[in-house]
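What follows is the content of final16.txt, which has compact mmCIF, C-alpha atoms and all ligand atoms:
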```txt
# COMPACT_ATOMS: atom_id res chain seq x y z
CA MET A 9 0.00 0.00 0.00
CA SER A 10 1.21 3.50 -0.77
CA LYS A 11 2.26 5.84 2.02
CA PRO A 12 -0.62 7.87 3.49
CA PRO A 13 -0.47 11.66 2.93
CA PRO A 14 0.72 13.89 5.79
CA LEU A 15 -1.96 15.12 8.19
CA PRO A 16 -2.76 18.73 7.15
CA SER A 17 -3.47 19.77 10.77
CA VAL A 18 -5.33 18.61 13.87
CA GLU A 19 -7.98 21.27 13.14
CA ALA A 20 -8.53 19.78 9.67
CA LEU A 21 -8.73 16.26 11.12
CA LEU A 22 -11.43 17.40 13.55
CA PHE A 23 -13.47 19.70 11.31
CA GLU A 24 -12.77 18.91 7.64
CA GLU A 25 -11.49 15.41 7.02
CA PRO A 26 -13.94 12.55 6.38
CA LEU A 27 -13.92 9.28 8.31
CA TYR A 28 -11.53 6.48 7.30
CA ALA A 29 -8.97 8.70 5.57
CA LYS A 30 -5.52 7.73 6.82
CA TYR A 31 -2.82 10.31 7.49
CA GLU A 32 0.79 10.21 8.50
CA LEU A 33 1.70 12.12 11.64
CA ALA A 34 4.70 14.42 11.29
CA GLU A 35 8.03 13.33 12.81
CA ASP A 36 8.34 16.59 14.76
CA LEU A 37 5.41 15.30 16.93
CA GLU A 38 3.74 18.71 16.87
CA ASP A 39 0.30 17.30 15.97
CA VAL A 40 0.84 14.25 18.19
CA ARG A 41 1.39 16.57 21.15
CA ILE A 42 -1.90 18.33 20.45
CA LEU A 43 -3.78 15.02 20.06
CA TYR A 44 -2.39 13.62 23.31
CA GLY A 45 -2.74 16.81 25.34
CA PHE A 46 0.97 17.48 25.64
CA VAL A 47 0.70 21.14 24.66
CA ALA A 48 -1.97 21.83 27.28
CA THR A 49 -0.73 23.42 30.45
CA LEU A 50 -2.41 23.12 33.84
CA GLU A 51 -4.32 26.37 33.32
CA LYS A 52 -4.97 26.22 29.62
CA ASP A 53 -5.86 23.55 27.06
CA TYR A 54 -4.99 23.85 23.40
CA THR A 55 -7.91 25.59 21.65
CA VAL A 56 -9.37 25.75 18.17
CA ASP A 57 -12.01 28.10 16.71
CA ALA A 58 -14.88 26.33 15.00
CA PHE A 59 -18.65 26.20 14.67
CA CYS A 60 -20.55 24.71 17.63
CA PRO A 61 -23.67 22.85 16.40
CA TYR A 62 -25.31 23.29 19.83
CA CYS A 63 -24.64 27.04 20.23
CA GLU A 64 -25.38 27.37 16.48
CA ARG A 65 -22.53 29.86 16.14
CA ALA A 66 -18.76 30.12 15.85
CA THR A 67 -17.01 29.49 19.13
CA THR A 68 -13.76 28.22 20.62
CA PHE A 69 -13.26 24.58 21.60
CA ARG A 70 -10.82 23.34 24.21
CA ILE A 71 -8.84 20.25 23.21
CA PRO A 72 -7.77 18.54 26.44
CA GLY A 73 -6.27 15.72 24.34
CA ILE A 74 -6.33 11.94 24.55
CA SER A 75 -5.40 10.83 28.01
CA ILE A 76 -2.29 8.61 28.23
CA THR A 77 0.44 8.22 30.85
CA ARG A 78 3.44 10.49 30.59
CA GLY A 79 5.76 7.52 31.12
CA ALA A 80 5.81 4.38 28.99
CA GLU A 81 2.82 5.27 26.81
CA TRP A 82 4.21 8.66 25.75
CA ASN A 83 7.75 7.31 25.41
CA ASN A 84 6.51 4.63 23.00
CA ILE A 85 4.20 6.96 21.09
CA ARG A 86 5.87 6.22 17.73
CA GLU A 87 4.99 2.54 18.04
CA ARG A 88 1.52 3.11 19.50
CA PHE A 89 -1.36 1.01 18.17
CA ALA A 90 -4.72 1.93 19.74
CA TYR A 91 -8.29 3.02 19.23
CA ASP A 92 -8.20 6.33 21.06
CA CYS A 93 -11.21 8.39 22.11
CA MET A 94 -11.16 12.15 22.54
CA GLU A 95 -13.65 14.92 23.23
CA ILE A 96 -13.41 18.62 22.63
CA ILE A 97 -15.39 21.07 24.72
CA CYS A 98 -17.16 24.29 23.75
CA THR A 99 -15.82 27.16 25.86
CA ARG A 100 -19.20 28.92 25.85
CA VAL A 101 -21.21 26.03 27.33
CA LYS A 102 -19.25 23.24 28.98
CA ARG A 103 -21.72 20.46 28.22
CA HIS A 104 -21.38 21.08 24.46
CA LYS A 105 -18.96 18.38 23.40
CA ILE A 106 -17.88 16.78 20.14
CA ARG A 107 -16.53 13.23 20.50
CA TYR A 108 -14.02 11.51 18.24
CA TRP A 109 -12.58 8.03 17.85
CA PHE A 110 -9.21 7.55 16.17
CA ARG A 111 -7.33 4.49 15.00
CA VAL A 112 -3.70 5.25 15.72
CA ASP A 113 -1.10 2.92 14.22
CA CYS A 114 2.66 3.61 14.26
CA MET A 115 2.50 7.36 13.51
CA THR A 116 -0.57 7.18 11.32
CA VAL A 117 -4.02 8.37 12.31
CA MET A 118 -7.47 7.60 10.92
CA LYS A 119 -10.69 9.13 12.24
CA VAL A 120 -13.09 6.19 12.62
CA GLY A 121 -15.92 7.88 14.51
CA GLN A 122 -17.33 11.30 15.32
CA TYR A 123 -20.47 12.63 17.03
CA PRO A 124 -22.16 14.92 16.04
CA SER A 125 -21.07 13.98 12.53
CA LEU A 126 -18.96 16.23 10.37
CA ALA A 127 -21.88 16.48 7.93
CA ASP A 128 -24.28 17.64 10.66
CA ILE A 129 -21.86 20.31 11.86
CA ALA A 130 -20.91 21.56 8.40
CA ILE A 131 -24.52 21.59 7.18
CA GLU A 132 -25.77 23.45 10.25
CA GLU A 133 -22.94 25.97 9.96
CA THR A 134 -23.72 26.67 6.30
CA ARG A 135 -27.47 26.84 6.92
CA GLN A 136 -26.98 29.35 9.75
CA LYS A 137 -24.67 31.62 7.79
CA TYR A 138 -26.16 31.59 4.30
CA SER A 139 -29.87 30.85 4.72
CA ALA A 140 -30.73 34.30 3.29
CA VAL A 141 -28.92 33.73 -0.01
CA LEU A 142 -28.75 29.95 -0.45
CA ARG A 143 -32.24 28.73 -1.21
CA GLY A 144 -34.21 26.05 -3.01
CA GLU A 145 -32.23 23.66 -5.17
CA ASN A 146 -28.97 25.43 -4.43
CA TRP A 147 -29.38 24.77 -0.74
CA SER A 148 -30.55 21.17 -1.08
CA GLU A 149 -27.69 20.30 -3.45
CA PHE A 150 -25.03 22.13 -1.42
CA TYR A 151 -26.33 20.18 1.56
CA LYS A 152 -26.00 16.89 -0.35
CA ALA A 153 -22.46 17.80 -1.47
CA ILE A 154 -21.34 18.41 2.13
CA GLY A 155 -22.97 15.21 3.37
CA LEU A 156 -21.47 13.05 0.62
CA ALA A 157 -17.97 14.50 1.09
CA ALA A 158 -18.17 13.90 4.85
CA HIS A 159 -18.80 10.23 4.06
CA GLY A 160 -15.90 10.01 1.62
CA GLU A 161 -18.08 10.13 -1.54
CA GLY A 162 -15.92 12.44 -3.65
CA ILE A 163 -17.46 12.07 -7.10
CA GLY A 164 -21.06 12.45 -5.91
CA SER A 165 -20.22 15.53 -3.87
CA PHE A 166 -18.29 17.02 -6.80
CA VAL A 167 -21.32 16.67 -9.11
CA TYR A 168 -23.56 18.55 -6.66
CA LEU A 169 -20.95 21.27 -6.00
CA ARG A 170 -20.58 21.79 -9.72
CA ARG A 171 -24.34 22.09 -10.23
CA VAL A 172 -24.56 24.72 -7.48
CA PHE A 173 -21.55 26.57 -8.87
CA GLU A 174 -23.00 26.63 -12.41
CA ARG A 175 -26.36 27.84 -11.12
CA LEU A 176 -24.74 30.67 -9.14
CA ILE A 177 -22.83 31.75 -12.25
CA LYS A 178 -26.04 31.66 -14.29
CA SER A 179 -27.92 33.68 -11.68
CA ARG A 180 -25.23 36.38 -11.87
CA PHE A 181 -25.80 36.49 -15.61
CA ASN A 182 -29.56 36.76 -15.13
CA GLU A 183 -29.17 39.48 -12.54
CA PHE A 184 -27.32 41.76 -14.97
CA LYS A 185 -28.54 40.66 -18.39
CA GLN A 186 -31.20 43.37 -18.78
CA ILE A 187 -29.04 46.26 -17.64
CA GLU A 188 -26.12 45.07 -19.75
CA GLY A 189 -28.23 43.96 -22.73
CA TRP A 190 -26.68 40.50 -22.80
CA GLU A 191 -27.94 37.67 -24.97
CA GLU A 192 -28.87 34.46 -23.27
CA THR A 193 -28.29 31.96 -26.06
CA SER A 194 -24.73 33.10 -26.74
CA PHE A 195 -23.90 32.95 -23.02
CA ASP A 196 -25.22 29.41 -22.70
CA ARG A 197 -22.93 28.30 -25.50
CA LEU A 198 -19.77 29.50 -23.71
CA ARG A 199 -17.46 27.16 -21.79
CA MET A 200 -17.28 27.64 -18.04
CA ASP A 201 -13.98 29.57 -18.15
CA GLU A 202 -15.38 31.83 -20.89
CA LYS A 203 -18.53 32.45 -18.85
CA ILE A 204 -16.46 33.58 -15.90
CA LYS A 205 -14.35 35.83 -18.10
CA PHE A 206 -17.58 37.20 -19.59
CA LEU A 207 -18.90 38.04 -16.11
CA ASN A 208 -15.66 39.79 -15.10
CA GLY A 209 -16.64 42.74 -12.90
CA HIS A 210 -19.80 41.00 -11.69
CA LEU A 211 -18.07 38.12 -9.87
CA PRO A 212 -15.61 38.16 -6.95
CA GLN A 213 -12.17 39.04 -8.33
CA TYR A 214 -10.74 35.99 -6.57
CA LEU A 215 -12.75 33.78 -8.86
CA VAL A 216 -11.84 35.58 -12.05
CA SER A 217 -8.12 35.46 -11.25
CA ASN A 218 -8.03 31.78 -10.16
CA ARG A 219 -8.62 30.12 -13.51
CA LYS A 220 -7.50 26.72 -12.25
CA ILE A 221 -10.57 26.38 -10.02
CA TYR A 222 -13.10 26.52 -12.81
CA SER A 223 -10.95 24.40 -15.11
CA ILE A 224 -11.30 21.69 -12.42
CA PHE A 225 -15.01 22.43 -12.10
CA SER A 226 -15.41 21.89 -15.84
CA ALA A 227 -13.21 18.77 -16.05
CA GLY A 228 -14.99 15.65 -17.27
CA LEU A 229 -15.99 13.28 -14.48
CA HIS A 230 -14.12 10.40 -16.10
CA ASP A 231 -10.89 12.43 -15.72
CA LEU A 232 -11.19 12.64 -11.93
CA SER A 233 -10.81 9.90 -9.31
CA ASN A 234 -12.87 9.78 -6.12
CA GLU A 235 -9.76 10.89 -4.15
CA GLU A 236 -9.11 13.84 -6.46
CA CYS A 237 -12.72 14.94 -6.08
CA LEU A 238 -12.43 14.67 -2.29
CA ARG A 239 -9.21 16.69 -2.27
CA PHE A 240 -10.93 19.34 -4.38
CA PHE A 241 -14.01 19.45 -2.14
CA GLU A 242 -12.80 22.11 0.35
CA ILE A 243 -11.54 24.36 -2.47
CA GLY A 244 -14.79 23.95 -4.40
CA LYS A 245 -16.90 24.57 -1.31
CA ARG A 246 -14.92 27.69 -0.37
CA THR A 247 -15.18 29.00 -3.92
CA ILE A 248 -18.96 28.77 -3.70
CA ILE A 249 -18.82 30.41 -0.27
CA VAL A 250 -16.85 33.35 -1.71
CA ILE A 251 -19.76 33.96 -4.10
CA LEU A 252 -22.30 33.50 -1.30
CA GLU A 253 -20.41 35.95 0.93
CA GLU A 254 -20.72 38.59 -1.76
CA ASP A 255 -24.43 37.81 -2.21
CA LEU A 256 -24.90 38.02 1.54
CA LYS A 257 -23.17 41.38 1.74
CA LYS A 258 -25.47 42.73 -0.96
CA HIS A 259 -28.50 41.20 0.75
CA ASN A 260 -27.59 42.76 4.11
CA GLU A 261 -27.02 46.17 2.53
CA LEU A 262 -30.43 46.03 0.86
CA CYS A 263 -32.08 44.98 4.14
CA ALA A 264 -30.36 47.79 6.04
CA ARG A 265 -31.47 50.36 3.44
CA LYS A 266 -35.03 49.03 3.52
CA GLU A 267 -35.12 49.20 7.31
CA LEU A 268 -33.80 52.73 7.24
CA SER A 269 -36.39 53.82 4.64
CA GLU A 270 -39.14 52.32 6.78
CA ALA A 271 -37.86 54.07 9.89
CA ILE A 272 -37.70 57.37 7.99
CA ALA A 273 -41.24 56.88 6.65
CA LYS A 274 -42.59 56.18 10.13
CA PHE A 275 -40.77 59.10 11.73
CA SER A 276 -42.85 62.09 12.60
CA PRO A 277 -41.27 64.96 14.51
ZN ZN A 301 -21.46 25.46 22.23
```
Same coordinates, now as C-alpha cells:
Amino acid sequence: MSKPPPLPSVEALLFEEPLYAKYELAEDLEDVRILYGFVATLEKDYTVDAFCPYCERATTFRIPGISITRGAEWNNIRERFAYDCMEIICTRVKRHKIRYWFRVDCMTVMKVGQYPSLADIAIEETRQKYSAVLRGENWSEFYKAIGLAAHGEGIGSFVYLRRVFERLIKSRFNEFKQIEGWEETSFDRLRMDEKIKFLNGHLPQYLVSNRKIYSIFSAGLHDLSNEECLRFFEIGKRTIIVILEEDLKKHNELCARKELSEAIAKFSP
C-alpha cells in the first residue's frame, strides 16, 4: 500500500477530514502533542475556533487531548497502536462536546468515529450563515455535497458542488442581463472559463483570477478519481462560499437600506 499523505493539521482532522482517511503524523510530533494533550498546560488547554452545532454559532473549543500516561505510553508513542477516544469542549457552554474516535497505528491516524457527525456540523454551519442567499435547489444540493464528502463520496459531492456553482454563475448572468443587454443563447454556448471571463466585474475578483478552479469544475468526471474529487471538495466549497459571501453582503445592505427607509417613513417629529 502507498504511504498515506501527511496530516494537514489537527484542526482539519477534527473539522474537515472525512472518516476512514488515513494520514501520517509528522516526525516533529507537533500534531501528536496536540492530540495527546501534551501542549496543554495546567491552566490552559490547546484551543481551536470552530462552529458549535449546539450554540449554532462560531465558538472556541478546548482540546484537552487523549489521556495517556506520561511515562511508557508517551515514550513509545511512535509505536503506539490503539483506538483512542477524545472529546473537545465548547468554551461557551461546557456540556457542548464533540466526541471523536481515532485508530492510531505507528504514527498514522485515521478518524473512525465522530459525534455529532462532520456532515451535521458543516450543514448546520452553512445553513446558519447563508440561509438568506442559499435557497431552493442550491441549498438542497449544497447540503447533499457536504454530506457526501463527509462520508468520503468524492465524485457524488463534486457533481452537486458543480451544479450549485453553475447555477450561481447563471444567476449572476440573469441578474445583470437586462441592464447590460446581454444575450442568453450566446452565453449558454460558452465554456465555463469563458462564462467567468464574460462576467468579469460582476463576480468576486478571486474567482476571475483563479482560472484553475473553474478548469477543475469543468473537467470531465471520467478524468477525476474519487480521491481527487475529495481533495478538491474544500476548495470547491470555499469557492462557492466566496460567491455567497458577496451575495450576503449585498442582501444585508439592501435589508439595512429598507429598514432605514421604513424608519424614515414612520418618523414624525
Ligand atoms: Zn457550544
Please tell me which residues are no farther than 7 Å from (-12.8, 25.2, 20.8) in the file, counting all atoms listed in the file, and write them as an MDAnalysis selection string.
-> chainID A and resid 55:58 67:71 96:99
What is the distance between CA of Leu27 in chain A and CA of Arg175 in chain A, in Å to one decimal?
->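 The value is 29.6 Å.
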Name all residues at most 9 Å from Lys245 in chain A (count only C-alpha atoms; drop same-chain ones fewer than 2 positions away) and give them as a ChimeraX atom specification.
-> /A:150,153-154,169,240-243,247-250
Have a look at CA of Tyr214 in chain A and CA of Asn260 in chain A and let me know their distance in Å, one decimal.
-> 21.1 Å
Spatial neighbours of Ile129 in chain A, max dist 9 Å, all atoms listed in the file, sep filter under 3 positions, as a ChimeraX atom specification | /A:23,59-61,124-126,132-134
Closest of A:Ser148, A:Ser139, A:Ser194, A:Ser223 to Phe181 in chain A, counting all atoms listed in the file, is A:Ser194
From A:Glu191, A:Gly164, A:Pro212, A:Phe275, residue lying nearest Leu229 in chain A [all atoms listed in the file] |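 Closest residue, counting all atoms listed in the file: A:Gly164.
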When you get a chance, write out N, CA and C atoms for range 82-107 of chain A, as a compact mmCIF listing (two decimals), in the coordinates of the input.
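Saved file selection00.txt follows:
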```
# COMPACT_ATOMS: atom_id res chain seq x y z
N TRP A 82 3.70 7.53 26.54
CA TRP A 82 4.21 8.66 25.75
C TRP A 82 5.57 8.34 25.14
N ASN A 83 6.41 7.64 25.92
CA ASN A 83 7.75 7.31 25.41
C ASN A 83 7.69 6.39 24.19
N ASN A 84 6.64 5.56 24.14
CA ASN A 84 6.51 4.63 23.00
C ASN A 84 5.48 5.11 21.97
N ILE A 85 5.28 6.43 21.92
CA ILE A 85 4.20 6.96 21.09
C ILE A 85 4.39 6.62 19.61
N ARG A 86 5.63 6.53 19.15
CA ARG A 86 5.87 6.22 17.73
C ARG A 86 5.45 4.81 17.33
N GLU A 87 5.39 3.92 18.34
CA GLU A 87 4.99 2.54 18.04
C GLU A 87 3.54 2.28 18.48
N ARG A 88 2.85 3.32 18.93
CA ARG A 88 1.52 3.11 19.50
C ARG A 88 0.54 2.53 18.49
N PHE A 89 -0.21 1.50 18.93
CA PHE A 89 -1.36 1.01 18.17
C PHE A 89 -2.54 1.03 19.13
N ALA A 90 -3.58 1.83 18.81
CA ALA A 90 -4.72 1.93 19.74
C ALA A 90 -5.92 2.55 19.05
N TYR A 91 -7.09 2.29 19.61
CA TYR A 91 -8.29 3.02 19.23
C TYR A 91 -8.50 4.05 20.32
N ASP A 92 -8.18 5.29 20.03
CA ASP A 92 -8.20 6.33 21.06
C ASP A 92 -9.45 7.19 20.93
N CYS A 93 -10.00 7.58 22.07
CA CYS A 93 -11.21 8.39 22.11
C CYS A 93 -10.87 9.77 22.67
N MET A 94 -11.47 10.80 22.09
CA MET A 94 -11.16 12.15 22.54
C MET A 94 -12.42 13.00 22.49
N GLU A 95 -12.56 13.97 23.39
CA GLU A 95 -13.65 14.92 23.23
C GLU A 95 -13.11 16.34 23.30
N ILE A 96 -13.76 17.22 22.56
CA ILE A 96 -13.41 18.62 22.63
C ILE A 96 -14.61 19.36 23.20
N ILE A 97 -14.34 20.44 23.92
CA ILE A 97 -15.39 21.07 24.72
C ILE A 97 -15.57 22.53 24.33
N CYS A 98 -16.83 22.91 24.10
CA CYS A 98 -17.16 24.29 23.75
C CYS A 98 -16.87 25.19 24.96
N THR A 99 -16.17 26.30 24.72
CA THR A 99 -15.82 27.16 25.86
C THR A 99 -16.99 28.06 26.28
N ARG A 100 -18.05 28.11 25.46
CA ARG A 100 -19.20 28.92 25.85
C ARG A 100 -20.10 28.14 26.80
N VAL A 101 -20.37 26.88 26.48
CA VAL A 101 -21.21 26.03 27.33
C VAL A 101 -20.51 24.68 27.51
N LYS A 102 -20.11 24.40 28.73
CA LYS A 102 -19.25 23.24 28.98
C LYS A 102 -19.84 21.90 28.55
N ARG A 103 -21.18 21.77 28.58
CA ARG A 103 -21.72 20.46 28.22
C ARG A 103 -21.79 20.25 26.70
N HIS A 104 -21.45 21.26 25.92
CA HIS A 104 -21.38 21.08 24.46
C HIS A 104 -20.06 20.40 24.10
N LYS A 105 -20.18 19.13 23.70
CA LYS A 105 -18.96 18.38 23.40
C LYS A 105 -19.07 17.71 22.04
N ILE A 106 -17.94 17.60 21.36
CA ILE A 106 -17.88 16.78 20.14
C ILE A 106 -16.92 15.64 20.45
N ARG A 107 -17.36 14.40 20.18
CA ARG A 107 -16.53 13.23 20.50
C ARG A 107 -15.96 12.60 19.23
```
